[in-house]
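Okay, so here's the structure we're looking at.
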Amino acid sequence: MRINPPLVALAIGAFGIGVTEFSPMGMLPSIAADLGVSIPAAGLLVSAYALGVLLGAPLMTLTTGRIPRRYLLIGLMAIFTLGNLMSALATDYYTLLTARVVTSLNHGAFFGVGSIVAASVVAPDKRAGAVAAMFMGLTLATIGGVPLAAWFGEVFGWRTAFWGITGLGVLAMLALWFALPNVPLPKSDGVLAEIRVLGRGPVLAALALTVVGSSAMFTVFTYIAPILSSETHASTAFITAMLVLYGVGLTLGNMWGGKAADRSVDRTLIVSLSALILVLLAFTVLMRWPLPAAVAILIWGIASFAIVPPLQMRVMEAAKDAPNLASAVNIGAFNLGNAIGAALGGAVIKVGLGYPAISLAGAAMAGLGLLMVLGFAWRSRAVAAAVA
């Protein structure tokens, strides 16, 4: 796909959102020490953001349905910029907590509306690839933006990192202003119609698949640092390198998943989830040695994010006559899956099954996702045959 200015602008916004979502994880010790709170309390800053995404996705989408898409996306990035400015200026824990919630309110609606806009500025047979191009900003944030923000936070103080992200928000607003066309408002019969579409069986099934697929990814990724430290006996530098390598895998998976989903959504999901199952099963053994672990982490990253474009396209197709709310809620479903995966991995640790068992739990979630895809595909064929 040739360079497409609207997609580049959307990717810049996605990059900023990715940096602000994940960078606090690497700055928790310094934030906790500076504000005089415990590490678990500082960890609530991450939880508050996730909760804000879950609540903000439907709220922002339903209340902004009549705003032109170009101005809505710029406005959402303005909320992002405001939230990060509040974080940079925060002088106490509760002010920062509030700032994180404000920042999160744009997340679901930006990716939800942005996905629809991205799909509308390319040919019909390139729609999944366009969605993947926007999400490329998110994956690139894990490679460069998040480590850079963590470094700035460590060397110059965590507020400096938020000042930098605030500047990134201004850049994204300018890019959206100059690059986005005046996309027509999508056809919609109003808020009630959006809610009714969200309650359809195929839409709910697609959202459930997103939750399960995201859970499979985050069951293990949430605990990758202690896994590598304990099982691989890795140094801090090696763990950082593996996080970057995982980000490279996410980027490659996003590129392949977008192109493959334009040919077949179901086949892309089946291949990706099958690969995810195999690599997580292998990782239970390969995590003991650095080089095999690195290869597994790269393949795991590719398989993990290859499912994202087809999952987003599945929801958009299932709700195509009123896609705004469903598309945004699907982003919330990703975050719900993140929370479920983290809780599942934590439960495995608490019952004393050991770190390799976390990888088995992730493989089991991927297996559940594969069964769901196969079941949905079989049902679609049966319905098509009955109609014919």
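Naming works like this for the structure tokens: A, B, ... for the chains as they're shown, residue 1 at the start of each chain, ligands 1 onward in shown order.
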Extract, using only C-alpha atoms, all DNA, RNA and protein residues at most 7 Å from Val244 (chain A), discarding same-chain residues fewer than 3 positions from it, and format them as number ranges by chain.
A: 142-143, 240-241, 247-248
Go ahead and dump the residues you just picked, C-alpha atoms, as a compact mmCIF listing (two decimals), in the first residue's frame.
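The resulting file, part-v2.txt, is reproduced below:
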# COMPACT_ATOMS: atom_id res chain seq x y z
CA THR A 142 5.84 -0.69 21.73
CA ILE A 143 9.15 -0.76 19.81
CA THR A 240 14.33 -4.94 27.54
CA ALA A 241 15.63 -6.34 24.26
CA GLY A 247 7.12 -5.18 19.56
CA VAL A 248 8.84 -6.01 16.24
Closest atom pairs, residues of region 122-148 of chain A within 12 Å of region 303-326 of chain A, only C-alpha atoms, as CSV:
residue,atom,partner,partner_atom,distance
A:Lys126,CA,A:Met313,CA,11.4
A:Arg127,CA,A:Met313,CA,8.3
A:Ala128,CA,A:Pro309,CA,6.1
A:Gly129,CA,A:Pro309,CA,7.7
A:Ala130,CA,A:Pro309,CA,9.1
A:Val131,CA,A:Pro309,CA,6.4
A:Ala132,CA,A:Pro309,CA,5.6
A:Ala133,CA,A:Pro309,CA,9.4
A:Met134,CA,A:Pro309,CA,9.9
A:Phe135,CA,A:Pro309,CA,8.1
A:Met136,CA,A:Phe305,CA,10.2
A:Leu138,CA,A:Phe305,CA,10.6
A:Thr139,CA,A:Phe305,CA,8.6
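In terms of minimum interatomic distance to Leu250 (chain A), A:Gly301 ranks closest within A:Ser115, A:Thr236, A:Asp34, A:Gly301, counting only C-alpha atoms.
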Name the residues in contact with Gly345 (chain A) at a cut-off of 12 Å, using only C-alpha atoms, excluding same-chain residues fewer than 2 positions from it; report them as a PyMOL selection string.
chain A and resi 215-224+226-227+338-343+347-365
Residue contacts of Ala78 (chain A) (9 Å, only C-alpha atoms) excluding same-chain residues fewer than 4 positions away, as a ChimeraX atom specification
/A:73-74,82-83,106,169-170,173
Just the residues within 9 Å of Leu54 (chain A), please, counting only C-alpha atoms, with nothing from its chain fewer than 3 positions along; format it as a PDB file with N, CA, C and O atoms, in the first residue's frame.
ATOM      1  N   TYR A  49      -6.766   3.579  33.732  1.00  0.00           N
ATOM      2  CA  TYR A  49      -6.767   3.853  32.295  1.00  0.00           C
ATOM      3  C   TYR A  49      -7.624   2.807  31.570  1.00  0.00           C
ATOM      4  O   TYR A  49      -8.454   3.157  30.725  1.00  0.00           O
ATOM      5  N   ALA A  50      -7.420   1.531  31.904  1.00  0.00           N
ATOM      6  CA  ALA A  50      -8.185   0.465  31.253  1.00  0.00           C
ATOM      7  C   ALA A  50      -9.679   0.623  31.518  1.00  0.00           C
ATOM      8  O   ALA A  50     -10.513   0.439  30.620  1.00  0.00           O
ATOM      9  N   LEU A  51     -10.035   0.978  32.761  1.00  0.00           N
ATOM     10  CA  LEU A  51     -11.442   1.191  33.094  1.00  0.00           C
ATOM     11  C   LEU A  51     -12.004   2.373  32.311  1.00  0.00           C
ATOM     12  O   LEU A  51     -13.145   2.329  31.819  1.00  0.00           O
ATOM     13  N   ALA A  57     -15.359   4.286  25.667  1.00  0.00           N
ATOM     14  CA  ALA A  57     -15.627   3.865  24.286  1.00  0.00           C
ATOM     15  C   ALA A  57     -17.098   4.036  23.918  1.00  0.00           C
ATOM     16  O   ALA A  57     -17.422   4.740  22.947  1.00  0.00           O
ATOM     17  N   PRO A  58     -18.036   3.423  24.657  1.00  0.00           N
ATOM     18  CA  PRO A  58     -19.449   3.633  24.289  1.00  0.00           C
ATOM     19  C   PRO A  58     -19.942   5.044  24.587  1.00  0.00           C
ATOM     20  O   PRO A  58     -20.730   5.603  23.811  1.00  0.00           O
ATOM     21  N   SER A 104      -7.739   8.482  29.050  1.00  0.00           N
ATOM     22  CA  SER A 104      -8.259   7.231  28.489  1.00  0.00           C
ATOM     23  C   SER A 104      -9.568   7.403  27.735  1.00  0.00           C
ATOM     24  O   SER A 104      -9.947   6.530  26.937  1.00  0.00           O
ATOM     25  N   LEU A 105     -10.291   8.497  27.985  1.00  0.00           N
ATOM     26  CA  LEU A 105     -11.626   8.653  27.412  1.00  0.00           C
ATOM     27  C   LEU A 105     -11.619   8.698  25.893  1.00  0.00           C
ATOM     28  O   LEU A 105     -12.615   8.387  25.239  1.00  0.00           O
ATOM     29  N   GLY A 108     -10.982   4.393  23.087  1.00  0.00           N
ATOM     30  CA  GLY A 108     -11.872   3.510  22.349  1.00  0.00           C
ATOM     31  C   GLY A 108     -12.522   4.182  21.159  1.00  0.00           C
ATOM     32  O   GLY A 108     -12.597   3.605  20.063  1.00  0.00           O
ATOM     33  N   VAL A 329     -16.667  -0.241  20.893  1.00  0.00           N
ATOM     34  CA  VAL A 329     -16.784  -1.202  21.990  1.00  0.00           C
ATOM     35  C   VAL A 329     -15.798  -2.351  21.802  1.00  0.00           C
ATOM     36  O   VAL A 329     -15.308  -2.932  22.774  1.00  0.00           O
ATOM     37  N   ILE A 331     -12.790  -2.086  20.845  1.00  0.00           N
ATOM     38  CA  ILE A 331     -11.539  -1.653  21.469  1.00  0.00           C
ATOM     39  C   ILE A 331     -11.611  -1.866  22.978  1.00  0.00           C
ATOM     40  O   ILE A 331     -10.643  -2.290  23.613  1.00  0.00           O
ATOM     41  N   GLY A 332     -12.787  -1.587  23.564  1.00  0.00           N
ATOM     42  CA  GLY A 332     -12.973  -1.894  24.980  1.00  0.00           C
ATOM     43  C   GLY A 332     -12.872  -3.378  25.248  1.00  0.00           C
ATOM     44  O   GLY A 332     -12.363  -3.800  26.297  1.00  0.00           O
ATOM     45  N   ALA A 333     -13.341  -4.195  24.287  1.00  0.00           N
ATOM     46  CA  ALA A 333     -13.254  -5.648  24.445  1.00  0.00           C
ATOM     47  C   ALA A 333     -11.798  -6.107  24.478  1.00  0.00           C
ATOM     48  O   ALA A 333     -11.451  -7.046  25.209  1.00  0.00           O
ATOM     49  N   ASN A 335      -9.362  -4.375  25.748  1.00  0.00           N
ATOM     50  CA  ASN A 335      -8.891  -4.041  27.088  1.00  0.00           C
ATOM     51  C   ASN A 335      -9.463  -4.984  28.135  1.00  0.00           C
ATOM     52  O   ASN A 335      -8.784  -5.348  29.101  1.00  0.00           O
ATOM     53  N   LEU A 336     -10.720  -5.409  27.965  1.00  0.00           N
ATOM     54  CA  LEU A 336     -11.297  -6.402  28.880  1.00  0.00           C
ATOM     55  C   LEU A 336     -10.526  -7.704  28.784  1.00  0.00           C
ATOM     56  O   LEU A 336     -10.245  -8.356  29.805  1.00  0.00           O
TER      57      LEU A 336
END
List the spatial neighbours of Leu228 (chain A) as a PyMOL selection string - criterion: any atom at most 8 Å away, only C-alpha atoms, same-chain residues fewer than 4 positions off excluded.
chain A and resi 224+232-234+239+287
Could you tell me which of A:Gly144, A:Pro290, A:Gly337, A:Pro68 comes closest to Phe238 (chain A) if we count only C-alpha atoms?
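Closest candidate: A:Pro290.
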